[in-house]
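Below: start06.pdb (PDB, C-alpha atoms)
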ATOM      1  CA  MET A   1      44.828 -12.297 -24.908
ATOM      2  CA  LYS A   2      46.217 -13.157 -21.482
ATOM      3  CA  PHE A   3      46.036 -10.483 -18.813
ATOM      4  CA  LEU A   4      46.025 -10.153 -15.060
ATOM      5  CA  CYS A   5      42.495  -9.827 -13.717
ATOM      6  CA  CYS A   6      39.945 -11.252 -11.262
ATOM      7  CA  LYS A   7      36.990 -13.583 -11.773
ATOM      8  CA  THR A   8      34.692 -11.381  -9.693
ATOM      9  CA  LEU A   9      34.911  -8.631 -12.296
ATOM     10  CA  PHE A  10      33.341 -10.932 -14.878
ATOM     11  CA  ASN A  11      30.982 -13.092 -12.850
ATOM     12  CA  ASP A  12      29.850 -11.278  -9.684
ATOM     13  CA  LEU A  13      27.479  -8.401  -9.026
ATOM     14  CA  ILE A  14      26.781  -7.045  -5.547
ATOM     15  CA  PHE A  15      23.793  -4.827  -4.804
ATOM     16  CA  HIS A  16      24.179  -2.396  -1.896
ATOM     17  CA  PRO A  17      21.682   0.260  -0.769
ATOM     18  CA  ASP A  18      23.275   2.999  -2.874
ATOM     19  CA  VAL A  19      25.895   1.364  -5.104
ATOM     20  CA  VAL A  20      26.417  -1.742  -7.251
ATOM     21  CA  ALA A  21      29.868  -3.311  -6.946
ATOM     22  CA  PHE A  22      31.933  -5.995  -8.642
ATOM     23  CA  CYS A  23      33.660  -7.117  -5.463
ATOM     24  CA  CYS A  24      32.272  -7.778  -1.987
ATOM     25  CA  ALA A  25      35.692  -7.605  -0.332
ATOM     26  CA  LYS A  26      36.270  -3.928  -1.082
ATOM     27  CA  VAL A  27      33.290  -1.609  -1.547
ATOM     28  CA  VAL A  28      35.307   1.387  -2.725
ATOM     29  CA  ASP A  29      35.015   3.818  -5.622
ATOM     30  CA  GLU A  30      37.710   1.985  -7.570
ATOM     31  CA  LEU A  31      35.554  -1.149  -7.764
ATOM     32  CA  LEU A  32      32.053   0.177  -8.314
ATOM     33  CA  CYS A  33      29.884  -0.736 -11.253
ATOM     34  CA  PHE A  34      27.361   2.029 -10.517
ATOM     35  CA  LYS A  35      27.600   4.880  -8.006
ATOM     36  CA  ASP A  36      24.578   6.644  -6.498
ATOM     37  CA  TYR A  37      22.431   3.693  -7.490
ATOM     38  CA  ASP A  38      18.673   4.190  -7.096
ATOM     39  CA  GLY A  39      17.379   0.749  -8.033
ATOM     40  CA  SER A  40      16.964   1.357 -11.754
ATOM     41  CA  VAL A  41      17.026  -1.701 -13.986
ATOM     42  CA  ILE A  42      20.447  -2.496 -15.436
ATOM     43  CA  THR A  43      20.669  -3.260 -19.134
ATOM     44  CA  LYS A  44      23.395  -5.412 -20.627
ATOM     45  CA  GLU A  45      24.715  -2.393 -22.509
ATOM     46  CA  GLN A  46      24.952  -0.277 -19.347
ATOM     47  CA  TYR A  47      26.690  -3.086 -17.501
ATOM     48  CA  LEU A  48      29.231  -3.643 -20.267
ATOM     49  CA  ILE A  49      30.086   0.042 -20.485
ATOM     50  CA  ALA A  50      30.752   0.109 -16.748
ATOM     51  CA  ARG A  51      32.674  -3.163 -16.695
ATOM     52  CA  ASN A  52      34.774  -2.515 -19.766
ATOM     53  CA  LYS A  53      36.312   0.577 -18.197
ATOM     54  CA  TYR A  54      37.941  -1.740 -15.682
ATOM     55  CA  VAL A  55      38.676  -4.546 -18.138
ATOM     56  CA  ASP A  56      40.446  -2.166 -20.520
ATOM     57  CA  ASN A  57      42.618  -0.883 -17.689
ATOM     58  CA  PHE A  58      43.492  -4.404 -16.539
ATOM     59  CA  LYS A  59      44.513  -5.263 -20.103
ATOM     60  CA  LYS A  60      46.851  -2.250 -20.032
ATOM     61  CA  GLY A  61      48.287  -3.368 -16.714
ATOM     62  CA  ILE A  62      46.539  -0.561 -14.829
ATOM     63  CA  ILE A  63      45.364  -2.270 -11.653
ATOM     64  CA  PRO A  64      43.450  -0.469  -8.878
ATOM     65  CA  ASP A  65      45.584  -0.084  -5.762
ATOM     66  CA  VAL A  66      43.059  -2.004  -3.660
ATOM     67  CA  CYS A  67      43.422  -4.991  -6.009
ATOM     68  CA  LYS A  68      47.194  -5.170  -6.324
ATOM     69  CA  LYS A  69      47.754  -7.560  -3.423
ATOM     70  CA  CYS A  70      44.533  -9.532  -3.814
ATOM     71  CA  HIS A  71      44.951 -13.319  -3.840
ATOM     72  CA  ASN A  72      42.254 -13.614  -6.508
ATOM     73  CA  LEU A  73      44.331 -11.958  -9.218
ATOM     74  CA  GLU A  74      45.142 -14.385 -11.999
ATOM     75  CA  GLU A  75      46.787 -14.084 -15.406
ATOM     76  CA  LYS A  76      44.974 -16.008 -18.122
ATOM     77  CA  GLU A  77      42.722 -15.652 -21.159
ATOM     78  CA  TRP A  78      39.434 -14.516 -19.667
ATOM     79  CA  ASP A  79      35.964 -15.292 -20.948
ATOM     80  CA  GLU A  80      34.486 -11.812 -21.414
ATOM     81  CA  SER A  81      30.928 -12.898 -22.160
ATOM     82  CA  VAL A  82      28.229 -11.541 -19.863
ATOM     83  CA  GLY A  83      26.864 -13.941 -17.262
ATOM     84  CA  PHE A  84      26.672 -13.925 -13.485
ATOM     85  CA  ASN A  85      27.619 -16.853 -11.260
ATOM     86  CA  ILE A  86      26.985 -14.839  -8.114
ATOM     87  CA  LEU A  87      24.376 -12.199  -7.376
ATOM     88  CA  SER A  88      24.748 -10.810  -3.880
ATOM     89  CA  LEU A  89      21.629  -9.025  -2.662
ATOM     90  CA  ALA A  90      23.001  -6.829   0.113
ATOM     91  CA  TYR A  91      20.631  -3.985  -0.663
ATOM     92  CA  LYS A  92      18.969  -4.077   2.766
ATOM     93  CA  THR A  93      20.576  -3.136   6.060
ATOM     94  CA  LYS A  94      17.932  -3.726   8.720
ATOM     95  CA  CYS A  95      19.000  -6.132  11.442
ATOM     96  CA  SER A  96      17.327  -5.466  14.770
ATOM     97  CA  ILE A  97      17.423  -8.917  16.359
ATOM     98  CA  CYS A  98      21.178  -9.055  16.988
ATOM     99  CA  ASP A  99      23.951  -6.514  17.477
ATOM    100  CA  CYS A 100      27.320  -8.004  16.538
ATOM    101  CA  PHE A 101      30.046  -5.663  17.684
ATOM    102  CA  TYR A 102      32.150  -6.424  14.594
ATOM    103  CA  CYS A 103      29.337  -5.490  12.163
ATOM    104  CA  THR A 104      30.872  -3.783   9.118
ATOM    105  CA  LEU A 105      27.915  -1.396   8.888
ATOM    106  CA  SER A 106      27.330  -0.202  12.436
ATOM    107  CA  LYS A 107      30.854  -0.795  13.812
ATOM    108  CA  GLY A 108      29.154  -1.470  17.115
ATOM    109  CA  ASP A 109      27.885   2.093  17.430
ATOM    110  CA  ALA A 110      24.315   2.365  18.770
ATOM    111  CA  GLN A 111      23.429   5.530  16.825
ATOM    112  CA  ARG A 112      24.818   4.113  13.612
ATOM    113  CA  LYS A 113      22.850   0.912  14.267
ATOM    114  CA  LYS A 114      19.654   2.969  14.537
ATOM    115  CA  GLU A 115      20.406   4.756  11.260
ATOM    116  CA  VAL A 116      21.138   1.475   9.497
ATOM    117  CA  ASN A 117      17.876  -0.050  10.684
ATOM    118  CA  ASN A 118      15.928   2.918   9.315
ATOM    119  CA  THR A 119      17.622   3.043   5.912
ATOM    120  CA  LYS A 120      15.118   2.814   3.067
ATOM    121  CA  THR A 121      16.091   1.098  -0.140
ATOM    122  CA  TYR A 122      14.780  -0.002  -3.528
ATOM    123  CA  ASP A 123      12.725  -2.911  -4.838
ATOM    124  CA  ILE A 124      14.986  -5.724  -6.030
ATOM    125  CA  ARG A 125      12.252  -7.521  -7.996
ATOM    126  CA  PRO A 126      12.252  -5.551 -11.280
ATOM    127  CA  ILE A 127      16.059  -5.614 -11.242
ATOM    128  CA  LEU A 128      16.189  -9.398 -11.052
ATOM    129  CA  GLU A 129      13.461  -9.758 -13.662
ATOM    130  CA  ASN A 130      15.380  -7.554 -16.073
ATOM    131  CA  LEU A 131      18.675  -9.404 -15.535
ATOM    132  CA  ARG A 132      16.851 -12.637 -16.338
ATOM    133  CA  ASN A 133      15.148 -11.190 -19.402
ATOM    134  CA  GLU A 134      18.504  -9.992 -20.734
ATOM    135  CA  ASN A 135      19.985 -13.479 -20.202
ATOM    136  CA  MET A 136      22.580 -12.209 -17.747
ATOM    137  CA  ILE A 137      22.010 -14.894 -15.087
ATOM    138  CA  LEU A 138      23.850 -18.173 -15.663
ATOM    139  CA  PRO A 139      22.311 -21.565 -14.768
ATOM    140  CA  GLY A 140      23.318 -22.511 -11.243
ATOM    141  CA  CYS A 141      23.920 -18.893 -10.262
ATOM    142  CA  ALA A 142      24.135 -18.420  -6.494
ATOM    143  CA  ILE A 143      21.693 -15.750  -5.367
ATOM    144  CA  SER A 144      22.957 -14.694  -1.960
ATOM    145  CA  VAL A 145      20.474 -12.903   0.281
ATOM    146  CA  SER A 146      23.058 -11.111   2.364
ATOM    147  CA  GLY A 147      21.640  -7.720   3.337
ATOM    148  CA  GLY A 148      20.768  -7.209   6.998
ATOM    149  CA  GLU A 149      18.675  -9.998   8.522
ATOM    150  CA  CYS A 150      16.615 -11.616   5.774
ATOM    151  CA  CYS A 151      14.043 -12.887   8.294
ATOM    152  CA  GLU A 152      13.057  -9.240   8.838
ATOM    153  CA  TYR A 153      12.264  -8.524   5.183
ATOM    154  CA  PRO A 154       8.704  -7.340   4.421
ATOM    155  CA  GLU A 155       6.179 -10.127   3.944
ATOM    156  CA  GLY A 156       6.504 -11.776   0.537
ATOM    157  CA  GLU A 157       9.954 -10.402  -0.319
ATOM    158  CA  LEU A 158      12.041 -13.356   0.810
ATOM    159  CA  GLU A 159       9.449 -15.690  -0.687
ATOM    160  CA  TYR A 160       9.767 -13.880  -4.023
ATOM    161  CA  MET A 161      13.554 -14.255  -4.133
ATOM    162  CA  THR A 162      13.261 -17.909  -3.205
ATOM    163  CA  HIS A 163      10.732 -18.548  -5.955
ATOM    164  CA  PHE A 164      12.828 -16.563  -8.451
ATOM    165  CA  ALA A 165      15.847 -18.762  -7.708
ATOM    166  CA  GLN A 166      13.803 -21.930  -8.020
ATOM    167  CA  VAL A 167      12.231 -21.175 -11.403
ATOM    168  CA  ASN A 168      15.463 -19.793 -12.883
ATOM    169  CA  ASP A 169      17.722 -22.741 -12.031
ATOM    170  CA  CYS A 170      19.636 -20.840  -9.349
ATOM    171  CA  VAL A 171      20.806 -21.717  -5.852
ATOM    172  CA  ILE A 172      19.359 -19.541  -3.102
ATOM    173  CA  GLU A 173      21.708 -18.683  -0.247
ATOM    174  CA  TYR A 174      20.559 -17.078   3.002
ATOM    175  CA  LEU A 175      22.827 -15.316   5.473
ATOM    176  CA  THR A 176      20.907 -15.312   8.718
ATOM    177  CA  SER A 177      21.530 -15.162  12.452
ATOM    178  CA  ALA A 178      19.009 -17.993  12.991
ATOM    179  CA  ILE A 179      17.626 -16.053  15.951
ATOM    180  CA  LYS A 180      14.290 -16.007  14.173
ATOM    181  CA  TYR A 181      13.080 -19.217  12.532
ATOM    182  CA  SER A 182      11.875 -18.730   8.955
ATOM    183  CA  GLU A 183       9.292 -21.019   7.391
ATOM    184  CA  CYS A 184      10.386 -19.740   3.976
ATOM    185  CA  ILE A 185      13.982 -20.789   4.586
ATOM    186  CA  ALA A 186      12.859 -24.103   6.059
ATOM    187  CA  SER A 187      10.720 -24.821   2.997
ATOM    188  CA  ALA A 188      13.631 -24.051   0.661
ATOM    189  CA  LEU A 189      15.970 -26.311   2.629
ATOM    190  CA  ALA A 190      13.424 -29.083   2.389
ATOM    191  CA  THR A 191      12.802 -28.877  -1.352
ATOM    192  CA  ILE A 192      15.195 -26.888  -3.589
ATOM    193  CA  PRO A 193      18.923 -26.175  -4.102
ATOM    194  CA  SER A 194      19.552 -23.939  -1.125
ATOM    195  CA  LYS A 195      22.079 -22.948   1.490
ATOM    196  CA  ILE A 196      22.185 -21.079   4.773
ATOM    197  CA  ILE A 197      25.198 -19.622   6.549
ATOM    198  CA  VAL A 198      24.895 -18.856  10.248
ATOM    199  CA  SER A 199      27.761 -17.172  12.098
ATOM    200  CA  VAL A 200      27.655 -18.336  15.693
ATOM    201  CA  ASP A 201      31.309 -17.497  16.416
ATOM    202  CA  SER A 202      31.251 -19.168  19.807
ATOM    203  CA  GLY A 203      30.822 -22.391  21.705
ATOM    204  CA  THR A 204      29.582 -20.950  24.969
ATOM    205  CA  LYS A 205      26.667 -18.728  25.932
ATOM    206  CA  GLU A 206      28.985 -16.174  27.536
ATOM    207  CA  MET A 207      31.047 -15.691  24.376
ATOM    208  CA  TYR A 208      27.973 -15.596  22.161
ATOM    209  CA  GLU A 209      26.423 -12.824  24.226
ATOM    210  CA  LYS A 210      29.708 -10.929  24.276
ATOM    211  CA  ILE A 211      29.954 -10.961  20.475
ATOM    212  CA  LYS A 212      26.309 -10.775  19.432
ATOM    213  CA  ARG A 213      25.181  -8.623  22.365
ATOM    214  CA  VAL A 214      21.823 -10.388  22.588
ATOM    215  CA  LYS A 215      20.629 -13.313  24.705
ATOM    216  CA  ALA A 216      19.761 -15.783  21.963
ATOM    217  CA  TYR A 217      22.394 -18.512  22.232
ATOM    218  CA  ASP A 218      20.024 -21.389  23.011
ATOM    219  CA  VAL A 219      17.454 -20.206  20.454
ATOM    220  CA  VAL A 220      20.047 -20.154  17.674
ATOM    221  CA  TRP A 221      21.202 -23.720  18.275
ATOM    222  CA  LYS A 222      17.578 -24.846  18.573
ATOM    223  CA  ASN A 223      16.686 -23.255  15.224
ATOM    224  CA  LEU A 224      19.792 -24.661  13.575
ATOM    225  CA  LYS A 225      18.748 -28.118  14.704
ATOM    226  CA  LYS A 226      15.288 -27.572  13.200
ATOM    227  CA  TYR A 227      16.789 -26.437   9.879
ATOM    228  CA  ILE A 228      19.000 -29.527   9.822
ATOM    229  CA  GLU A 229      16.003 -31.767  10.444
ATOM    230  CA  VAL A 230      13.915 -30.327   7.595
ATOM    231  CA  SER A 231      16.855 -30.536   5.162
ATOM    232  CA  LYS A 232      17.668 -34.205   5.740
ATOM    233  CA  LYS A 233      15.832 -35.510   2.668
ATOM    234  CA  ASN A 234      17.097 -32.807   0.310
ATOM    235  CA  PRO A 235      20.561 -33.627  -1.101
ATOM    236  CA  ASN A 236      20.753 -30.114  -2.560
ATOM    237  CA  ALA A 237      20.457 -28.338   0.781
ATOM    238  CA  ASN A 238      23.510 -27.166   2.707
ATOM    239  CA  ILE A 239      23.693 -25.739   6.219
ATOM    240  CA  PHE A 240      26.952 -24.035   7.133
ATOM    241  CA  VAL A 241      27.703 -22.975  10.690
ATOM    242  CA  LYS A 242      30.449 -20.381  10.796
ATOM    243  CA  TYR A 243      33.049 -19.416  13.368
ATOM    244  CA  ILE A 244      34.532 -16.002  12.656
ATOM    245  CA  ILE A 245      37.818 -15.748  14.529
ATOM    246  CA  ILE A 246      38.073 -12.373  16.253
ATOM    247  CA  PRO A 247      41.606 -11.795  17.575
ATOM    248  CA  GLY A 248      41.640 -10.979  21.263
ATOM    249  CA  VAL A 249      38.050 -12.156  21.719
ATOM    250  CA  ASN A 250      37.312 -15.750  20.685
ATOM    251  CA  ASP A 251      40.732 -16.813  19.408
ATOM    252  CA  ASN A 252      41.238 -19.537  21.963
ATOM    253  CA  VAL A 253      41.215 -23.301  21.637
ATOM    254  CA  GLU A 254      38.781 -23.840  24.521
ATOM    255  CA  GLU A 255      36.083 -21.781  22.829
ATOM    256  CA  ALA A 256      36.785 -23.416  19.464
ATOM    257  CA  ARG A 257      36.521 -26.864  21.001
ATOM    258  CA  ALA A 258      33.200 -26.002  22.642
ATOM    259  CA  PHE A 259      31.932 -24.711  19.291
ATOM    260  CA  ILE A 260      32.738 -27.956  17.495
ATOM    261  CA  GLU A 261      31.124 -29.966  20.285
ATOM    262  CA  LYS A 262      27.912 -27.951  19.891
ATOM    263  CA  CYS A 263      27.999 -28.574  16.135
ATOM    264  CA  GLN A 264      28.445 -32.297  16.680
ATOM    265  CA  ALA A 265      25.593 -32.383  19.189
ATOM    266  CA  ILE A 266      23.042 -31.181  16.622
ATOM    267  CA  LYS A 267      24.670 -33.101  13.718
ATOM    268  CA  VAL A 268      26.049 -30.159  11.748
ATOM    269  CA  LYS A 269      27.733 -31.489   8.599
ATOM    270  CA  LYS A 270      29.451 -28.330   7.331
ATOM    271  CA  ILE A 271      31.541 -25.855   9.313
ATOM    272  CA  LEU A 272      33.190 -22.697   7.991
ATOM    273  CA  ILE A 273      36.071 -20.904   9.671
ATOM    274  CA  ASP A 274      36.597 -17.255   8.814
ATOM    275  CA  MET A 275      38.647 -14.289  10.013
ATOM    276  CA  GLU A 276      37.150 -11.000  11.164
ATOM    277  CA  PHE A 277      37.064  -8.829   8.033
ATOM    278  CA  SER A 278      38.892  -5.696   9.168
ATOM    279  CA  PHE A 279      41.628  -7.674  10.926
ATOM    280  CA  LEU A 280      42.354  -9.768   7.859
ATOM    281  CA  SER A 281      42.321  -6.718   5.605
ATOM    282  CA  GLU A 282      44.894  -4.970   7.791
ATOM    283  CA  ASN A 283      47.065  -7.971   8.686
ATOM    284  CA  GLN A 284      47.005 -10.311   5.687
ATOM    285  CA  HIS A 285      50.737  -9.797   5.078
ATOM    286  CA  LYS A 286      51.724 -10.441   8.692
ATOM    287  CA  GLU A 287      52.191 -13.682  10.589
ATOM    288  CA  ALA A 288      49.752 -14.773  13.271
ATOM    289  CA  GLU A 289      51.064 -15.088  16.804
ATOM    290  CA  GLY A 290      50.109 -16.602  20.146
ATOM    291  CA  SER A 291      46.536 -17.775  20.690
ATOM    292  CA  LEU A 292      45.485 -16.709  17.193
ATOM    293  CA  LYS A 293      48.004 -19.029  15.597
ATOM    294  CA  GLU A 294      47.031 -21.786  18.020
ATOM    295  CA  VAL A 295      43.328 -21.625  17.214
ATOM    296  CA  ILE A 296      43.977 -21.582  13.459
ATOM    297  CA  ASN A 297      46.067 -24.708  13.848
ATOM    298  CA  TYR A 298      43.444 -26.303  16.053
ATOM    299  CA  PHE A 299      40.789 -25.879  13.367
ATOM    300  CA  ALA A 300      43.170 -27.171  10.689
ATOM    301  CA  LYS A 301      43.867 -30.285  12.766
ATOM    302  CA  ARG A 302      40.186 -30.893  13.498
ATOM    303  CA  SER A 303      39.385 -30.581   9.808
ATOM    304  CA  LYS A 304      41.411 -33.732   9.161
ATOM    305  CA  GLU A 305      40.057 -35.548  12.206
ATOM    306  CA  LEU A 306      36.397 -34.818  11.474
ATOM    307  CA  SER A 307      36.534 -35.751   7.793
ATOM    308  CA  PRO A 308      34.562 -37.266   6.109
ATOM    309  CA  ASN A 309      31.680 -37.051   8.581
ATOM    310  CA  ILE A 310      31.962 -33.303   8.997
ATOM    311  CA  TYR A 311      33.305 -30.926   6.365
ATOM    312  CA  LEU A 312      35.330 -28.214   8.121
ATOM    313  CA  SER A 313      37.157 -25.647   6.026
ATOM    314  CA  PHE A 314      38.418 -22.099   5.991
ATOM    315  CA  THR A 315      36.455 -19.728   3.777
ATOM    316  CA  PRO A 316      38.113 -18.860   0.451
ATOM    317  CA  ASP A 317      38.543 -15.270   1.629
ATOM    318  CA  CYS A 318      40.721 -16.246   4.582
ATOM    319  CA  GLU A 319      42.197 -19.582   3.525
ATOM    320  CA  PHE A 320      45.054 -17.964   1.581
ATOM    321  CA  TRP A 321      46.250 -16.369   4.845
ATOM    322  CA  CYS A 322      45.339 -19.046   7.369
ATOM    323  CA  ILE A 323      47.111 -21.783   5.421
ATOM    324  CA  LYS A 324      50.380 -19.897   5.964
ATOM    325  CA  GLN A 325      49.907 -20.094   9.727
ATOM    326  CA  ILE A 326      49.582 -23.855   9.926
ATOM    327  CA  TYR A 327      52.448 -25.710  11.561
ATOM    328  CA  ASP A 328      54.379 -28.250   9.522
ATOM    329  CA  GLU A 329      53.686 -31.741  10.778
TER     330      GLU A 329
END
Translate the structure described by the file into structure tokens.
Amino acid sequence: MKFLCCKTLFNDLIFHPDVVAFCCAKVVDELLCFKDYDGSVITKEQYLIARNKYVDNFKKGIIPDVCKKCHNLEEKEWDESVGFNILSLAYKTKCSICDCFYCTLSKGDAQRKKEVNNTKTYDIRPILENLRNENMILPGCAISVSGGECCEYPEGELEYMTHFAQVNDCVIEYLTSAIKYSECIASALATIPSKIIVSVDSGTKEMYEKIKRVKAYDVVWKNLKKYIEVSKKNPNANIFVKYIIIPGVNDNVEEARAFIEKCQAIKVKKILIDMEFSFLSENQHKEAEGSLKEVINYFAKRSKELSPNIYLSFTPDCEFWCIKQIYDE
């Protein structure tokens, strides 16, 4: 039967320190697979019981309030078989080498940052092994290592996840600041289907230090260049450099232009443009104004100019809104 629903409910699973969610956009009670999660293995039966509560409601037209205006909602006949295309491993929170003021966990608060860095969590390994043994991971699944700073994981942990992805026909994705160079990440970029996403959010040292609140601008670009070099012979490696637009901070064309020039200087091939999460959540039904609208249009224009040598695009999460802000030509 056809019904209004979302692909993330059927194909995504996001592991947080204390909950497992279906959606990474809204980590709220209405969208949780398991509350008070302690790292126990998840059987197919347990997963289906949790998921079907939501699926049954969607079939009845009962849609969670947080989902009602989501651009991902689609009415169609859904494949209800069990299989994950995306596993987001956000179960760790430690990130002591940078201090982004827009961080969704610390909110820029020093005490909260300290608490986050000291949060203890569970072992992801038996969970992944069980999901594989129950045939719940689809070929080509993207395993996103997105909790805290993955370069700070205990020795052997990042290597395990990388090996798990390799032997199970998955793509490993690392979200990292690139402040610390990782030999594990470099090896993956050189040899297996892999991807890194680095949010630099700036084109100048002054803006970088304002946003990240650490003096690592030159180191980041140096490490990005090294990652690009090791990935050159691997057609299945992708390096994305991201610019998160933060209204009132880096939403100006001069900074955006400097960012693209830095990307060109080290031969970046893929650029992602995103919007700061809380701003987009609160303003997605409003129109952009002033410098914000100008910088969105600047990136849209450069996307056409840089193609096909450089792929520049808005992330799926913000494209639905940003595309509305683009001037007619």
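Among the candidates A:Phe299, A:Ile97, A:His163, A:Tyr243, the residue lying nearest to Lys180 in chain A is A:Ile97 (atoms considered: all atoms listed in the file).
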Margin query: I'd like the neighbourhood of range 27-37 of chain A as a ChimeraX atom specification, where a residue qualifies if any of its atoms comes within 7 Å (using all atoms listed in the file), though same-chain residues fewer than 6 positions away should be ignored.
Written below: /A:18-21,50-51,64
Residues of the last selection are to be written out with C-alpha atoms, as a short mmCIF file (atom, residue, chain, number, x, y, z; two decimals), keeping the file's coordinate frame.
data_model
loop_
_atom_site.label_atom_id
_atom_site.label_comp_id
_atom_site.auth_asym_id
_atom_site.auth_seq_id
_atom_site.Cartn_x
_atom_site.Cartn_y
_atom_site.Cartn_z
CA ASP A 18 23.28 3.00 -2.87
CA VAL A 19 25.90 1.36 -5.10
CA VAL A 20 26.42 -1.74 -7.25
CA ALA A 21 29.87 -3.31 -6.95
CA ALA A 50 30.75 0.11 -16.75
CA ARG A 51 32.67 -3.16 -16.70
CA PRO A 64 43.45 -0.47 -8.88
#
Margin query: What's the separation between CA of Pro126 in chain A and CA of Ser40 in chain A, in Å to one decimal place?
Written below: 8.4 Å
Note to self: One number please: CA of Val82 in chain A to CA of Leu4 in chain A, in Å, one decimal.
What the structure shows: 18.5 Å
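Using all atoms listed in the file, the protein and nucleic acid residues lying no more than 8 Å from Glu75 in chain A, apart from those fewer than 4 places from it along its own chain, are Lys2, Phe3, Leu4 and Cys5 of chain A.
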For the selection just defined, write its residues with C-alpha atoms to a file, as an mmCIF file, keeping the file's coordinate frame.
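Ended up saving to again.cif:
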data_model
loop_
_atom_site.group_PDB
_atom_site.id
_atom_site.type_symbol
_atom_site.label_atom_id
_atom_site.label_comp_id
_atom_site.auth_asym_id
_atom_site.auth_seq_id
_atom_site.Cartn_x
_atom_site.Cartn_y
_atom_site.Cartn_z
ATOM 1 C CA LYS A 2 46.217 -13.157 -21.482
ATOM 2 C CA PHE A 3 46.036 -10.483 -18.813
ATOM 3 C CA LEU A 4 46.025 -10.153 -15.060
ATOM 4 C CA CYS A 5 42.495 -9.827 -13.717
#
Note to self: I'd like to see the residues matched by the PyMOL selection byres ((chain A and resi 274) around 8) on this file, and ideally I'd get them as a PyMOL selection string.
What the structure shows: chain A and resi 242-245+272-273+275-276+314-315+317-318
Margin query: I'd like to know which of A:Ile192, A:Asp79, A:Cys170, A:Thr204 is closest to Ala216 in chain A, using only C-alpha atoms.
Written below: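 Residue with the minimum atom-to-atom distance to Ala216 in chain A: A:Thr204.
Matched in the shown structure by the PyMOL selection byres ((chain A and resi 87) around 8): Asp12, Leu13, Ile14, Phe15, Phe84, Asn85, Ile86, Ser88, Leu89, Cys141, Ala142, Ile143 and Ser144 of chain A.
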Check: So which residues touch Arg132 in chain A within 12 Å, counting all atoms listed in the file, skipping near sequence neighbours fewer than 4 positions away, as a ChimeraX atom specification?
Finding: /A:41-44,82-84,87,125-128,136-139,141,164-165,167-170
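Put simply, CA of Lys53 in chain A is 21.6 Å away from CA of Asn135 in chain A.
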Within 9 Å of range 253-261 of chain A, which residues of range 282-317 of chain A show up? Give each one with its shortest atom-to-atom distance in Å (one decimal) and the two atoms involved, counting all atoms listed in the file, rows by chain then rising residue number, as a tab-separated table.
residue	atom	partner	partner_atom	distance
A:Ser291	CA	A:Val253	CA	7.7
A:Glu294	CA	A:Val253	CA	7.0
A:Val295	CA	A:Val253	CA	5.2
A:Ile296	CA	A:Val253	CA	8.8
A:Tyr298	CA	A:Val253	CA	6.7
A:Phe299	CA	A:Ala256	CA	7.7
A:Arg302	CA	A:Ile260	CA	8.9
Checklist line | Neighbours of point (22.7, -8.5, 19.0) within 7 Å, using only C-alpha atoms, written as an MDAnalysis selection string | finding: chainID A and resid 97:100 212:214
Checklist line | Shell of 10 Å around Cys150 in chain A, only C-alpha atoms, local chain residues under 4 positions omitted, as a PyMOL selection string | finding: chain A and resi 90+92-95+145-146+154+157-158+174-178+180+182+185
Check: Between A:Leu312, A:Ala237, A:Val116, A:Cys6, which one has atoms that come closest to Ile271 in chain A, using all atoms listed in the file?
Finding: A:Leu312
Residues of range 85-154 of chain A that approach range 278-284 of chain A to 12 Å or less, counting only C-alpha atoms: could you list each one with the shortest pair of atoms and its distance in Å to one decimal, rows by chain and increasing residue number, as JSON lines?
{"residue": "A:Tyr102", "atom": "CA", "partner": "A:Ser278", "partner_atom": "CA", "distance": 8.7}
{"residue": "A:Cys103", "atom": "CA", "partner": "A:Ser278", "partner_atom": "CA", "distance": 10.0}
{"residue": "A:Thr104", "atom": "CA", "partner": "A:Ser278", "partner_atom": "CA", "distance": 8.2}
{"residue": "A:Leu105", "atom": "CA", "partner": "A:Ser278", "partner_atom": "CA", "distance": 11.8}
{"residue": "A:Lys107", "atom": "CA", "partner": "A:Ser278", "partner_atom": "CA", "distance": 10.5}
Check: For this file, the PyMOL selection byres ((chain A and resi 183) around 12) selects which residues, as number ranges by chain?
Finding: A: 151, 155-156, 158-159, 162, 178, 180-182, 184-190, 223, 226-227, 230
Check: In terms of the shortest atom-to-atom distance over only C-alpha atoms, which of A:Lys232, A:Lys7, A:Lys286, A:Lys195 is closest to Leu73 in chain A?
Finding: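 Nearest candidate to Leu73 in chain A out of A:Lys232, A:Lys7, A:Lys286, A:Lys195: A:Lys7.
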Next item on the list: Check the smallest atom-to-atom distance from each of A:Val220, A:Ile196, A:Leu9, A:Cys67 to Tyr47 in chain A using all atoms listed in the file, then report the winner.
Entry: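 Under the stated criterion, the closest residue is A:Leu9.
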From the structure just shown, export range 222-226 of chain A with N, CA and C atoms as a PDB file, in the first residue's frame.
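File produced: part08.pdb:
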ATOM      1  N   LYS A 222      47.118  21.660   5.599  1.00  0.00           N
ATOM      2  CA  LYS A 222      48.268  20.797   5.324  1.00  0.00           C
ATOM      3  C   LYS A 222      47.857  19.329   5.347  1.00  0.00           C
ATOM      4  N   ASN A 223      47.060  18.939   6.343  1.00  0.00           N
ATOM      5  CA  ASN A 223      46.619  17.545   6.441  1.00  0.00           C
ATOM      6  C   ASN A 223      45.645  17.184   5.334  1.00  0.00           C
ATOM      7  N   LEU A 224      44.796  18.122   4.952  1.00  0.00           N
ATOM      8  CA  LEU A 224      43.891  17.875   3.834  1.00  0.00           C
ATOM      9  C   LEU A 224      44.686  17.603   2.557  1.00  0.00           C
ATOM     10  N   LYS A 225      45.723  18.380   2.352  1.00  0.00           N
ATOM     11  CA  LYS A 225      46.561  18.174   1.171  1.00  0.00           C
ATOM     12  C   LYS A 225      47.204  16.789   1.190  1.00  0.00           C
ATOM     13  N   LYS A 226      47.631  16.344   2.362  1.00  0.00           N
ATOM     14  CA  LYS A 226      48.236  15.011   2.485  1.00  0.00           C
ATOM     15  C   LYS A 226      47.198  13.919   2.197  1.00  0.00           C
TER      16      LYS A 226
END
